[in-house]
Every structure is written in structure tokens, then in C-alpha cells.
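Participant: You'll find data.txt just under this line, and it carries compact mmCIF, C-alpha atoms and all ligand atoms.
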```txt
# COMPACT_ATOMS: atom_id res chain seq x y z
CA MET A 241 -280.80 -80.34 -58.72
CA ASN A 242 -282.00 -83.57 -60.31
CA ASP A 243 -280.46 -83.18 -63.76
CA VAL A 244 -276.95 -83.13 -62.26
CA ALA A 245 -276.18 -85.40 -59.32
CA ILE A 246 -273.23 -84.33 -57.19
CA THR A 247 -271.86 -86.89 -54.78
CA ARG A 248 -268.71 -87.04 -52.69
CA SER A 249 -266.78 -89.93 -51.30
CA GLU A 250 -263.20 -90.69 -50.38
CA GLY A 251 -261.74 -87.39 -51.51
CA LEU A 252 -263.61 -87.29 -54.82
CA LEU A 253 -266.43 -85.10 -56.02
CA THR A 254 -268.44 -86.82 -58.75
CA ILE A 255 -270.57 -84.83 -61.18
CA ARG A 256 -273.06 -87.15 -62.86
CA LEU A 257 -275.15 -85.79 -65.70
CA ALA A 258 -278.61 -87.23 -65.20
CA ARG A 259 -280.98 -85.70 -67.73
CA THR A 260 -281.09 -88.91 -69.66
CA GLN A 261 -284.52 -88.38 -71.24
CA LYS A 262 -282.92 -85.46 -73.12
CA LYS A 263 -279.63 -87.26 -73.73
CA ASN A 264 -278.05 -85.16 -70.96
CA ALA A 265 -278.35 -81.99 -73.09
CA LEU A 266 -276.94 -79.23 -70.90
CA THR A 267 -279.19 -76.43 -69.66
CA ALA A 268 -278.18 -73.19 -67.92
CA ALA A 269 -279.25 -74.74 -64.60
CA MET A 270 -276.99 -77.74 -65.22
CA TYR A 271 -273.99 -75.49 -65.95
CA GLU A 272 -274.75 -73.60 -62.72
CA ALA A 273 -274.81 -76.88 -60.79
CA MET A 274 -271.43 -77.86 -62.26
CA LEU A 275 -269.99 -74.40 -61.50
CA ASP A 276 -271.15 -74.79 -57.89
CA ALA A 277 -269.42 -78.18 -57.77
CA PHE A 278 -266.16 -76.63 -59.02
CA GLU A 279 -266.45 -73.97 -56.29
CA THR A 280 -267.11 -76.60 -53.64
CA ALA A 281 -264.06 -78.57 -54.74
CA ALA A 282 -261.88 -75.43 -54.81
CA HIS A 283 -262.72 -74.58 -51.20
CA ASP A 284 -262.70 -78.05 -49.70
CA PRO A 285 -259.21 -79.36 -48.96
CA GLU A 286 -260.62 -82.87 -48.62
CA ILE A 287 -261.56 -82.99 -52.31
CA GLY A 288 -258.58 -84.15 -54.36
CA ALA A 289 -260.21 -84.70 -57.76
CA ILE A 290 -263.45 -84.28 -59.68
CA VAL A 291 -264.98 -87.05 -61.78
CA LEU A 292 -267.26 -86.00 -64.62
CA ARG A 293 -269.57 -88.67 -66.04
CA GLY A 294 -272.88 -89.34 -67.69
CA ASP A 295 -275.31 -92.18 -67.18
CA ASP A 296 -277.28 -94.86 -69.02
CA GLY A 297 -274.88 -95.13 -71.93
CA MET A 298 -274.90 -91.39 -72.60
CA PHE A 299 -272.35 -88.72 -71.79
CA THR A 300 -274.00 -85.59 -73.17
CA ALA A 301 -275.63 -84.34 -76.38
CA GLY A 302 -274.02 -80.96 -75.71
CA ASN A 303 -275.71 -77.67 -75.09
CA ASP A 304 -279.50 -77.77 -75.00
CA ILE A 305 -280.57 -76.44 -78.38
CA ALA A 306 -283.73 -74.88 -76.94
CA ASP A 307 -281.42 -72.91 -74.63
CA PHE A 308 -279.44 -71.76 -77.69
CA ILE A 309 -282.67 -70.45 -79.21
CA ALA A 310 -283.57 -68.67 -75.96
CA ALA A 311 -280.05 -67.18 -75.69
CA ALA A 312 -280.29 -65.86 -79.25
CA GLN A 313 -283.55 -64.12 -78.37
CA ALA A 314 -282.20 -62.61 -75.14
CA PRO A 315 -278.50 -61.92 -75.72
CA GLY A 316 -276.35 -61.69 -72.64
CA GLU A 317 -273.84 -63.69 -70.74
CA MET A 318 -274.41 -67.43 -71.16
CA ALA A 319 -273.91 -69.88 -68.32
CA ALA A 320 -272.23 -72.17 -70.86
CA MET A 321 -269.47 -69.61 -71.41
CA ARG A 322 -268.94 -69.09 -67.69
CA PHE A 323 -268.73 -72.87 -67.38
CA VAL A 324 -266.06 -73.26 -70.06
CA GLU A 325 -264.01 -70.43 -68.54
CA ALA A 326 -264.14 -72.11 -65.13
CA LEU A 327 -263.39 -75.49 -66.70
CA ALA A 328 -260.26 -74.12 -68.35
CA MET A 329 -258.96 -72.64 -65.09
CA VAL A 330 -260.13 -75.19 -62.53
CA GLU A 331 -257.37 -76.06 -60.06
CA THR A 332 -258.83 -79.41 -58.99
CA PRO A 333 -257.72 -82.37 -61.11
CA LEU A 334 -260.47 -83.46 -63.50
CA VAL A 335 -261.17 -86.99 -64.71
CA ALA A 336 -263.83 -87.70 -67.36
CA ALA A 337 -265.56 -91.05 -67.93
CA ILE A 338 -267.29 -91.03 -71.32
CA ASP A 339 -269.76 -93.70 -72.35
CA GLY A 340 -271.96 -93.09 -75.39
CA VAL A 341 -272.35 -89.83 -77.24
CA ALA A 342 -270.24 -86.76 -76.40
CA VAL A 343 -271.31 -83.88 -78.64
CA GLY A 344 -270.23 -80.24 -78.74
CA ILE A 345 -269.15 -79.12 -75.29
CA GLY A 346 -269.39 -82.79 -74.26
CA ALA A 347 -266.44 -83.41 -76.54
CA THR A 348 -264.52 -80.15 -76.11
CA LEU A 349 -264.53 -80.41 -72.33
CA MET A 350 -262.22 -83.42 -72.49
CA LEU A 351 -259.47 -81.06 -73.72
CA HIS A 352 -259.43 -79.63 -70.19
CA CYS A 353 -259.43 -82.91 -68.28
CA ASP A 354 -256.29 -84.40 -66.77
CA LEU A 355 -257.40 -87.96 -67.52
CA VAL A 356 -260.12 -89.17 -69.89
CA TYR A 357 -261.48 -92.71 -70.13
CA ALA A 358 -263.98 -93.84 -72.74
CA SER A 359 -266.05 -96.94 -73.35
CA PRO A 360 -265.78 -98.67 -76.75
CA ASP A 361 -269.21 -97.17 -77.58
CA ALA A 362 -268.14 -93.58 -76.95
CA ARG A 363 -268.65 -91.38 -79.97
CA PHE A 364 -267.40 -87.82 -80.24
CA ARG A 365 -268.56 -84.95 -82.42
CA MET A 366 -267.97 -81.18 -82.54
CA PRO A 367 -270.69 -80.09 -84.99
CA PHE A 368 -270.37 -76.34 -84.44
CA VAL A 369 -270.17 -75.36 -88.11
CA ASP A 370 -273.15 -77.54 -89.04
CA LEU A 371 -275.12 -75.67 -86.37
CA GLY A 372 -274.06 -72.29 -87.77
CA LEU A 373 -271.79 -71.83 -84.75
CA VAL A 374 -268.08 -71.67 -83.95
CA PRO A 375 -266.02 -73.80 -81.55
CA GLU A 376 -265.88 -73.02 -77.82
CA ALA A 377 -263.94 -74.00 -74.71
CA GLY A 378 -260.68 -73.02 -76.38
CA SER A 379 -261.03 -75.98 -78.74
CA SER A 380 -260.02 -73.89 -81.77
CA LEU A 381 -256.60 -73.57 -80.10
CA LEU A 382 -256.31 -76.76 -78.05
CA LEU A 383 -257.57 -79.27 -80.61
CA PRO A 384 -255.00 -78.42 -83.33
CA GLN A 385 -252.31 -78.37 -80.63
CA ARG A 386 -253.34 -81.87 -79.55
CA VAL A 387 -254.14 -83.61 -82.85
CA GLY A 388 -252.54 -81.42 -85.53
CA MET A 389 -254.19 -78.94 -87.88
CA ALA A 390 -255.14 -81.52 -90.54
CA ARG A 391 -257.18 -83.70 -88.19
CA ALA A 392 -258.55 -80.70 -86.26
CA SER A 393 -259.88 -79.30 -89.54
CA GLU A 394 -261.76 -82.53 -90.27
CA ILE A 395 -263.23 -82.53 -86.78
CA LEU A 396 -264.07 -78.83 -86.51
CA LEU A 397 -264.77 -77.81 -90.12
CA LEU A 398 -266.34 -81.00 -91.48
CA GLY A 399 -267.82 -81.92 -88.10
CA GLU A 400 -266.61 -85.50 -88.55
CA ALA A 401 -267.54 -87.86 -85.74
CA PHE A 402 -264.91 -90.19 -84.31
CA ASP A 403 -265.08 -93.18 -82.04
CA ALA A 404 -263.28 -94.15 -78.84
CA ALA A 405 -260.51 -96.05 -80.64
CA GLU A 406 -259.76 -93.00 -82.78
CA ALA A 407 -259.91 -90.68 -79.76
CA HIS A 408 -257.37 -92.94 -78.09
CA ARG A 409 -255.16 -93.00 -81.19
CA LEU A 410 -255.32 -89.19 -81.31
CA GLY A 411 -254.26 -88.95 -77.68
CA LEU A 412 -257.55 -87.41 -76.58
CA VAL A 413 -258.40 -90.26 -74.24
CA ASN A 414 -256.06 -92.20 -71.97
CA ALA A 415 -257.65 -95.60 -72.42
CA VAL A 416 -260.69 -97.36 -73.80
CA VAL A 417 -262.30 -99.32 -70.97
CA PRO A 418 -265.22 -101.79 -71.20
CA ALA A 419 -268.47 -99.99 -70.35
CA GLU A 420 -269.14 -102.14 -67.28
CA LYS A 421 -265.78 -101.16 -65.78
CA LEU A 422 -265.60 -97.57 -67.00
CA TYR A 423 -266.91 -95.65 -64.00
CA ALA A 424 -265.05 -97.79 -61.46
CA HIS A 425 -261.85 -97.34 -63.46
CA ALA A 426 -262.26 -93.55 -63.66
CA GLN A 427 -262.97 -93.40 -59.90
CA GLU A 428 -259.91 -95.48 -59.17
CA ARG A 429 -257.64 -93.28 -61.33
CA ALA A 430 -259.15 -90.14 -59.79
CA ALA A 431 -258.55 -91.57 -56.32
CA ALA A 432 -254.93 -92.22 -57.28
CA LEU A 433 -254.60 -88.53 -58.26
CA ALA A 434 -256.31 -87.42 -55.06
CA GLN A 435 -253.79 -89.34 -52.96
CA LYS A 436 -250.71 -87.67 -54.50
CA PRO A 437 -248.87 -84.89 -52.62
CA ARG A 438 -251.24 -82.01 -53.34
CA GLY A 439 -248.71 -79.21 -53.74
CA ALA A 440 -246.50 -81.12 -56.19
CA LEU A 441 -249.51 -82.37 -58.14
CA ASN A 442 -250.99 -78.89 -58.53
CA ALA A 443 -247.62 -77.38 -59.47
CA THR A 444 -247.08 -80.11 -62.06
CA ARG A 445 -250.58 -79.57 -63.45
CA ARG A 446 -249.83 -75.87 -63.87
CA LEU A 447 -246.52 -76.66 -65.60
CA LEU A 448 -248.21 -79.13 -67.96
CA ARG A 449 -250.82 -76.54 -68.87
CA GLY A 450 -248.27 -73.79 -69.31
CA ASP A 451 -249.01 -70.09 -69.68
CA ARG A 452 -252.77 -69.81 -70.08
CA GLY A 453 -252.64 -66.33 -71.61
CA ASP A 454 -253.05 -67.58 -75.18
CA LEU A 455 -255.92 -69.81 -74.13
CA ARG A 456 -257.72 -66.98 -72.34
CA ALA A 457 -257.28 -64.72 -75.38
CA GLN A 458 -258.56 -67.41 -77.75
CA MET A 459 -261.55 -68.14 -75.54
CA HIS A 460 -262.38 -64.45 -75.53
CA LEU A 461 -262.33 -64.45 -79.36
CA GLU A 462 -264.44 -67.62 -79.42
CA THR A 463 -267.01 -66.12 -77.07
CA GLU A 464 -267.36 -63.02 -79.26
CA ALA A 465 -267.64 -65.08 -82.45
CA PHE A 466 -270.06 -67.47 -80.77
CA ALA A 467 -272.38 -64.68 -79.63
CA LYS A 468 -272.43 -63.29 -83.16
CA ALA A 469 -272.99 -66.70 -84.76
CA LEU A 470 -275.84 -67.46 -82.36
CA GLN A 471 -277.78 -64.56 -83.89
CA SER A 472 -277.16 -65.64 -87.47
CA GLY A 473 -279.75 -66.98 -89.89
CA GLU A 474 -277.54 -70.05 -90.36
CA ALA A 475 -277.76 -70.92 -86.68
CA GLN A 476 -281.48 -70.20 -86.41
CA LYS A 477 -282.13 -72.46 -89.38
CA ALA A 478 -280.03 -75.29 -87.93
CA PHE A 479 -281.68 -75.02 -84.48
CA MET A 480 -285.16 -75.07 -86.03
CA ALA A 481 -284.21 -78.06 -88.21
CA PHE A 482 -283.26 -79.97 -85.04
CA MET A 483 -286.28 -78.89 -83.01
CA THR A 484 -288.78 -79.72 -85.75
CA ARG A 485 -287.13 -82.83 -87.16
CA SER A 486 -289.38 -85.77 -87.71
CA LYS A 487 -288.42 -89.03 -86.05
CA VAL A 488 -288.82 -92.38 -87.79
N1 LIG B 501 -280.72 -80.07 -77.07
C1 LIG B 501 -282.02 -80.26 -76.73
N2 LIG B 501 -282.63 -81.46 -76.77
C2 LIG B 501 -281.89 -82.52 -77.14
C3 LIG B 501 -280.53 -82.40 -77.50
C4 LIG B 501 -279.95 -81.12 -77.44
N3 LIG B 501 -278.65 -80.91 -77.70
N4 LIG B 501 -280.07 -83.62 -77.84
C5 LIG B 501 -281.10 -84.48 -77.68
N5 LIG B 501 -282.20 -83.81 -77.27
C6 LIG B 501 -283.53 -84.35 -76.98
C7 LIG B 501 -284.31 -84.64 -78.26
O1 LIG B 501 -284.95 -83.48 -78.74
C8 LIG B 501 -285.27 -85.70 -77.77
O2 LIG B 501 -286.30 -85.05 -77.04
P1 LIG B 501 -287.84 -85.57 -77.20
O3 LIG B 501 -287.79 -87.02 -76.79
O4 LIG B 501 -288.59 -84.70 -76.26
O5 LIG B 501 -288.17 -85.40 -78.65
C9 LIG B 501 -284.45 -86.49 -76.76
O6 LIG B 501 -283.38 -85.63 -76.35
C10 LIG B 501 -283.83 -87.72 -77.35
O7 LIG B 501 -283.02 -87.36 -78.48
P2 LIG B 501 -283.04 -88.15 -79.87
O8 LIG B 501 -282.47 -87.25 -80.91
O9 LIG B 501 -284.41 -88.72 -80.11
O10 LIG B 501 -282.06 -89.36 -79.53
P3 LIG B 501 -281.13 -90.18 -80.56
O11 LIG B 501 -280.59 -91.30 -79.78
O12 LIG B 501 -281.87 -90.46 -81.83
O13 LIG B 501 -279.94 -89.17 -80.93
C11 LIG B 501 -278.18 -87.56 -80.49
C12 LIG B 501 -279.05 -88.72 -79.92
C13 LIG B 501 -277.37 -87.02 -79.32
C14 LIG B 501 -277.28 -88.11 -81.58
C15 LIG B 501 -279.12 -86.48 -81.07
O14 LIG B 501 -280.12 -86.19 -80.12
C16 LIG B 501 -278.43 -85.21 -81.43
O15 LIG B 501 -277.75 -85.13 -82.44
N6 LIG B 501 -278.62 -84.14 -80.60
C17 LIG B 501 -278.13 -82.81 -80.88
C18 LIG B 501 -276.66 -82.73 -80.62
C19 LIG B 501 -276.17 -81.33 -80.86
O16 LIG B 501 -276.15 -80.85 -81.97
N7 LIG B 501 -275.79 -80.66 -79.76
C20 LIG B 501 -275.32 -79.31 -79.77
C21 LIG B 501 -273.83 -79.31 -79.84
S1 LIG B 501 -273.15 -77.68 -79.85
```
Represent the structure contained in this file as C-alpha cells.

Facilitator:
Amino acid sequence: MNDVAITRSEGLLTIRLARTQKKNALTAAMYEAMLDAFETAAHDPEIGAIVLRGDDGMFTAGNDIADFIAAAQAPGEMAAMRFVEALAMVETPLVAAIDGVAVGIGATLMLHCDLVYASPDARFRMPFVDLGLVPEAGSSLLLPQRVGMARASEILLLGEAFDAAEAHRLGLVNAVVPAEKLYAHAQERAAALAQKPRGALNATRRLLRGDRGDLRAQMHLETEAFAKALQSGEAQKAFMAFMTRSKV
């Protein structure tokens, strides 16, 4: 599938978002491609880590808003929600390389990665409330745990954007790496993970993540609230405002 390029080399599976003309906005088909990649990695003992990256100075503009509109009109299980559930439980180490904009799920997904590297131009935003929506991917639990309630409230309630330096200061990214070295650096760090003793690495990962019961429960609540919000007038208005905005 052209909008997501999956490649493998030297024990790594790389997922490259490649819908650049739409700022890598994520469609149901793209989530399915990423879910398939997670499955492939889970069943292939040669794969020791997954690298998640964008292209052309763009990570992802988050969920495709046209898909949100379609999902509101035909309620049912969303591929996005299956993706975040899989992301939260994936057993293969995950490394993200973020250059450019990371919006919505593009920002929340880093909460599930083992290592995150960002270019100086990376810019993060979780604009769920502005879109008439609620947070997903367990971010309403994980973000306050990681950055404290005060900062999480600014990010999730006010929808404040933050840059790579701030993400680093908050402990959301491991390092800020010049754009021209970013992808090579992420590959190298992922390769280092892939070469560790697999059993000890996986056991340590599980210990670091702890009991996932609270996370599962919170994600269930988020999914219910999200489905309800998707149908709301607030969300419809925000989606339409984006789809019909005039460009200067
Ligand atoms: N869903 C659907 N299409 C999107 C999109 C999204 N989330 N983000 C960008 N696009 C599309 C635009 O509609 C535009 O398509 P067009 O060229 O056919 O008109 C194209 O991608 C380029 O986007 P544009 O807004 O012109 O680029 P920009 O550089 O000015 O701004 C962003 C980039 C990411 C800041 C801006 O597109 C944006 O805010 N997108 C929405 C982000 C969002 O709210 N995501 C949902 C999170 S839950």
C-alpha cells in the first residue's frame, strides 16, 4: 500500500508514512497497513524492533478528518481504535523518528514508544478538545503520568502546541537530533535494541510498562467517550471548519 511503506533490513521493520500530499493524515487503510506490520513483527523472530517515521519533513497530521466525518455517519468500530489498542500492547520494541508536525494520534503514539527521537523542527499538538473530541491512545492517563497534571492540562485541554526542545525537557523524547541525521540515528538506536538478548529485553519492557490493566480500562473509557464525541455538533462543526477552510 503506497501511503505506508513497510521495509525490513537487519532485524528492523520500518513503517514509513508516505501520504505526504495530505501531510500523512492517517486513513483506515493506513492503520490497517500498520496493524499488519505489527503482526508481521510479532510472528517473525528475526525482527527485533520497529521504526516508525514520516517523510519529507512531516510526521503525521493525525487522523484523516474526512475519515472522522465518514465514521460519524456510519458508527462502528474504527481502525484507529484497533490501531491504538495494538500499539499499547505491542511486544516488539518501538522507536519513533519525528520530523515536522505530529498532531493528534501522531503525538499520542509516542507515549507508547520505547525510544523517541525528534528533529529541531518537530512540533507536537493534541488538539482533541478543539475538534470537539476527547483524547485517545490512553493519553488521558499516560500524559499526566509522564509530564504531570498541570502540563497535561495545558496540552490536552488548551491544545497547546510544543516543540522538540520542550518535548525533550518534558521527557517525551529521548533526544533532539538534526533532521539530516534523524532517521539514521533512530535506525541505529533501534538496531542496538534489536541486538540485545531478546528475552531479557522483553521482560524488562514489560516491567517498565507495569500492569496494563489501568491503561486498558482507561482506553475503553476513551473509546466510548470518543465515539460519543464524534457524533456531537461540536465535532461536526470543527470537522467542517477544517474541510471548508480557505487557504491564503
Ligand atoms: N485530515 C485530512 N486532510 C488533511 C489533514 C487531516 N488531518 N491534515 C492535512 N490535510 C490535508 C489538507 O486538507 C490539504 O489537502 P488539500 O491540499 O487537498 O487541500 C493537505 O493535507 C495539506 O494540508 P495544509 O493544511 O494545506 O498544510 P499546512 O502545512 O498549511 O498545515 C497542518 C499542516 C498539519 C498544520 C494542518 O494541515 C492541520 O492542522 N491539519 C489538521 C490536523 C488535525 O487536526 N488532525 C486531527 C488530529 S485528531

Participant: Please report the interatomic distance between CA of Ala481 in chain A and CA of Phe466 in chain A in Å with one decimal.

Facilitator: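 Distance reported for this atom pair: 19.2 Å.
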
Participant: Considering all atoms listed in the file, can you say which of A:Leu455, A:Ala320, A:Leu292, A:Leu371 comes closest to ligand LIG 501 (chain B)?

Facilitator: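 Closest candidate: A:Leu371.
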
Participant: Looking at A:Pro384, A:Gly251, A:Gly288, A:Gly294, which one is nearest to Gly439 in chain A, with distances taken over only C-alpha atoms?

Facilitator: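 Closest to Gly439 in chain A, using only C-alpha atoms: A:Gly288.
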
Participant: Enumerate as a compact mmCIF listing (two decimals) with C-alpha atoms, in the frame of the given file the residues within 8 Å of ligand LIG 501 (chain B), counting all atoms listed in the file.

Facilitator:
```txt
# COMPACT_ATOMS: atom_id res chain seq x y z
CA THR A 260 -281.09 -88.91 -69.66
CA GLN A 261 -284.52 -88.38 -71.24
CA LYS A 262 -282.92 -85.46 -73.12
CA LYS A 263 -279.63 -87.26 -73.73
CA ASN A 264 -278.05 -85.16 -70.96
CA ALA A 265 -278.35 -81.99 -73.09
CA LEU A 266 -276.94 -79.23 -70.90
CA THR A 300 -274.00 -85.59 -73.17
CA ALA A 301 -275.63 -84.34 -76.38
CA GLY A 302 -274.02 -80.96 -75.71
CA ASN A 303 -275.71 -77.67 -75.09
CA ASP A 304 -279.50 -77.77 -75.00
CA ILE A 305 -280.57 -76.44 -78.38
CA ALA A 306 -283.73 -74.88 -76.94
CA ASP A 307 -281.42 -72.91 -74.63
CA VAL A 341 -272.35 -89.83 -77.24
CA ALA A 342 -270.24 -86.76 -76.40
CA VAL A 343 -271.31 -83.88 -78.64
CA GLY A 344 -270.23 -80.24 -78.74
CA ILE A 345 -269.15 -79.12 -75.29
CA GLY A 346 -269.39 -82.79 -74.26
CA MET A 366 -267.97 -81.18 -82.54
CA PRO A 367 -270.69 -80.09 -84.99
CA PHE A 368 -270.37 -76.34 -84.44
CA LEU A 371 -275.12 -75.67 -86.37
CA LEU A 373 -271.79 -71.83 -84.75
CA PHE A 482 -283.26 -79.97 -85.04
CA MET A 483 -286.28 -78.89 -83.01
CA LYS A 487 -288.42 -89.03 -86.05
```

Participant: Report the distance between CA of Arg452 in chain A and CA of Ala328 in chain A in Å, rounded to one decimal place.

Facilitator: 8.8 Å

Participant: Return the single residue from A:Pro333, A:Pro360, A:Gly399, A:Gly388 that is closest to Pro375 in chain A, with distances computed using only C-alpha atoms.

Facilitator: A:Gly399

Participant: Which of these, A:Arg365, A:Arg485, A:Arg248, A:Lys421, has the shortest distance to Ile290 in chain A once you count only C-alpha atoms?

Facilitator: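 Counting only C-alpha atoms, the residue closest to Ile290 in chain A is A:Arg248.
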
Participant: Would you mind telling me which residue in A:Met350, A:Ala390, A:Ile338, A:Ala358 lies nearest to Ala405 in chain A when using only C-alpha atoms?

Facilitator: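 Comparing A:Met350, A:Ala390, A:Ile338, A:Ala358 against Ala405 in chain A, the winner is A:Ala358.
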
Participant: In terms of the shortest atom-to-atom distance over only C-alpha atoms, which of A:Ala430, A:Ala424, A:Ala377, A:Ala478 is closest to Leu461 in chain A?

Facilitator: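 Closest candidate: A:Ala377.
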
Participant: How many Å separate CA of Ala465 in chain A from CA of Ala401 in chain A?

Facilitator: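 Going from CA of Ala465 in chain A over to CA of Ala401 in chain A covers 23.0 Å.
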
Participant: Will you model all heavy atoms for range 375-385 of chain A and pass it back as a PDB file, keeping the file's coordinate frame?

Facilitator:
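To be explicit, this is the file written out as out05.pdb:
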```
ATOM      1  N   PRO A 375    -266.452 -73.010 -82.702  1.00  0.00           N
ATOM      2  CA  PRO A 375    -266.020 -73.800 -81.550  1.00  0.00           C
ATOM      3  C   PRO A 375    -265.929 -72.950 -80.274  1.00  0.00           C
ATOM      4  O   PRO A 375    -265.762 -71.729 -80.333  1.00  0.00           O
ATOM      5  CB  PRO A 375    -264.619 -74.289 -81.947  1.00  0.00           C
ATOM      6  CG  PRO A 375    -264.541 -74.114 -83.411  1.00  0.00           C
ATOM      7  CD  PRO A 375    -265.428 -72.965 -83.758  1.00  0.00           C
ATOM      8  N   GLU A 376    -266.012 -73.673 -79.132  1.00  0.00           N
ATOM      9  CA  GLU A 376    -265.880 -73.020 -77.820  1.00  0.00           C
ATOM     10  C   GLU A 376    -264.891 -73.782 -76.953  1.00  0.00           C
ATOM     11  O   GLU A 376    -264.259 -74.727 -77.424  1.00  0.00           O
ATOM     12  CB  GLU A 376    -267.251 -72.880 -77.134  1.00  0.00           C
ATOM     13  CG  GLU A 376    -268.244 -73.982 -77.409  1.00  0.00           C
ATOM     14  CD  GLU A 376    -267.929 -75.350 -76.891  1.00  0.00           C
ATOM     15  OE1 GLU A 376    -266.748 -75.725 -76.779  1.00  0.00           O
ATOM     16  OE2 GLU A 376    -268.878 -76.077 -76.636  1.00  0.00           O
ATOM     17  N   ALA A 377    -264.797 -73.350 -75.718  1.00  0.00           N
ATOM     18  CA  ALA A 377    -263.940 -74.000 -74.710  1.00  0.00           C
ATOM     19  C   ALA A 377    -262.464 -74.022 -75.122  1.00  0.00           C
ATOM     20  O   ALA A 377    -261.706 -74.896 -74.693  1.00  0.00           O
ATOM     21  CB  ALA A 377    -264.433 -75.417 -74.407  1.00  0.00           C
ATOM     22  N   GLY A 378    -262.080 -73.073 -75.967  1.00  0.00           N
ATOM     23  CA  GLY A 378    -260.680 -73.020 -76.380  1.00  0.00           C
ATOM     24  C   GLY A 378    -260.315 -74.111 -77.366  1.00  0.00           C
ATOM     25  O   GLY A 378    -259.132 -74.289 -77.709  1.00  0.00           O
ATOM     26  N   SER A 379    -261.325 -74.813 -77.880  1.00  0.00           N
ATOM     27  CA  SER A 379    -261.030 -75.980 -78.740  1.00  0.00           C
ATOM     28  C   SER A 379    -260.391 -75.567 -80.061  1.00  0.00           C
ATOM     29  O   SER A 379    -259.663 -76.362 -80.662  1.00  0.00           O
ATOM     30  CB  SER A 379    -262.297 -76.796 -79.000  1.00  0.00           C
ATOM     31  OG  SER A 379    -263.321 -75.989 -79.526  1.00  0.00           O
ATOM     32  N   SER A 380    -260.644 -74.320 -80.506  1.00  0.00           N
ATOM     33  CA  SER A 380    -260.020 -73.890 -81.770  1.00  0.00           C
ATOM     34  C   SER A 380    -258.508 -73.719 -81.606  1.00  0.00           C
ATOM     35  O   SER A 380    -257.764 -73.701 -82.588  1.00  0.00           O
ATOM     36  CB  SER A 380    -260.654 -72.592 -82.284  1.00  0.00           C
ATOM     37  OG  SER A 380    -260.539 -71.563 -81.320  1.00  0.00           O
ATOM     38  N   LEU A 381    -258.049 -73.618 -80.371  1.00  0.00           N
ATOM     39  CA  LEU A 381    -256.600 -73.570 -80.100  1.00  0.00           C
ATOM     40  C   LEU A 381    -256.086 -74.942 -79.634  1.00  0.00           C
ATOM     41  O   LEU A 381    -255.077 -75.438 -80.129  1.00  0.00           O
ATOM     42  CB  LEU A 381    -256.323 -72.531 -78.995  1.00  0.00           C
ATOM     43  CG  LEU A 381    -254.874 -72.395 -78.554  1.00  0.00           C
ATOM     44  CD1 LEU A 381    -254.047 -71.663 -79.608  1.00  0.00           C
ATOM     45  CD2 LEU A 381    -254.774 -71.638 -77.222  1.00  0.00           C
ATOM     46  N   LEU A 382    -256.811 -75.538 -78.687  1.00  0.00           N
ATOM     47  CA  LEU A 382    -256.310 -76.760 -78.050  1.00  0.00           C
ATOM     48  C   LEU A 382    -256.382 -77.982 -78.951  1.00  0.00           C
ATOM     49  O   LEU A 382    -255.493 -78.835 -78.914  1.00  0.00           O
ATOM     50  CB  LEU A 382    -257.101 -77.033 -76.755  1.00  0.00           C
ATOM     51  CG  LEU A 382    -256.976 -75.967 -75.668  1.00  0.00           C
ATOM     52  CD1 LEU A 382    -257.884 -76.306 -74.490  1.00  0.00           C
ATOM     53  CD2 LEU A 382    -255.538 -75.839 -75.188  1.00  0.00           C
ATOM     54  N   LEU A 383    -257.439 -78.064 -79.780  1.00  0.00           N
ATOM     55  CA  LEU A 383    -257.570 -79.270 -80.610  1.00  0.00           C
ATOM     56  C   LEU A 383    -256.436 -79.372 -81.634  1.00  0.00           C
ATOM     57  O   LEU A 383    -255.777 -80.419 -81.701  1.00  0.00           O
ATOM     58  CB  LEU A 383    -258.953 -79.356 -81.262  1.00  0.00           C
ATOM     59  CG  LEU A 383    -259.237 -80.711 -81.907  1.00  0.00           C
ATOM     60  CD1 LEU A 383    -259.330 -81.831 -80.871  1.00  0.00           C
ATOM     61  CD2 LEU A 383    -260.496 -80.679 -82.754  1.00  0.00           C
ATOM     62  N   PRO A 384    -256.152 -78.304 -82.428  1.00  0.00           N
ATOM     63  CA  PRO A 384    -255.000 -78.420 -83.330  1.00  0.00           C
ATOM     64  C   PRO A 384    -253.685 -78.679 -82.602  1.00  0.00           C
ATOM     65  O   PRO A 384    -252.834 -79.407 -83.107  1.00  0.00           O
ATOM     66  CB  PRO A 384    -254.972 -77.086 -84.090  1.00  0.00           C
ATOM     67  CG  PRO A 384    -256.059 -76.256 -83.559  1.00  0.00           C
ATOM     68  CD  PRO A 384    -256.907 -77.064 -82.633  1.00  0.00           C
ATOM     69  N   GLN A 385    -253.544 -78.099 -81.405  1.00  0.00           N
ATOM     70  CA  GLN A 385    -252.310 -78.370 -80.630  1.00  0.00           C
ATOM     71  C   GLN A 385    -252.209 -79.862 -80.301  1.00  0.00           C
ATOM     72  O   GLN A 385    -251.137 -80.446 -80.319  1.00  0.00           O
ATOM     73  CB  GLN A 385    -252.311 -77.590 -79.310  1.00  0.00           C
ATOM     74  CG  GLN A 385    -251.916 -76.137 -79.462  1.00  0.00           C
ATOM     75  CD  GLN A 385    -252.024 -75.384 -78.130  1.00  0.00           C
ATOM     76  OE1 GLN A 385    -252.470 -75.918 -77.115  1.00  0.00           O
ATOM     77  NE2 GLN A 385    -251.636 -74.116 -78.140  1.00  0.00           N
TER      78      GLN A 385
END
```
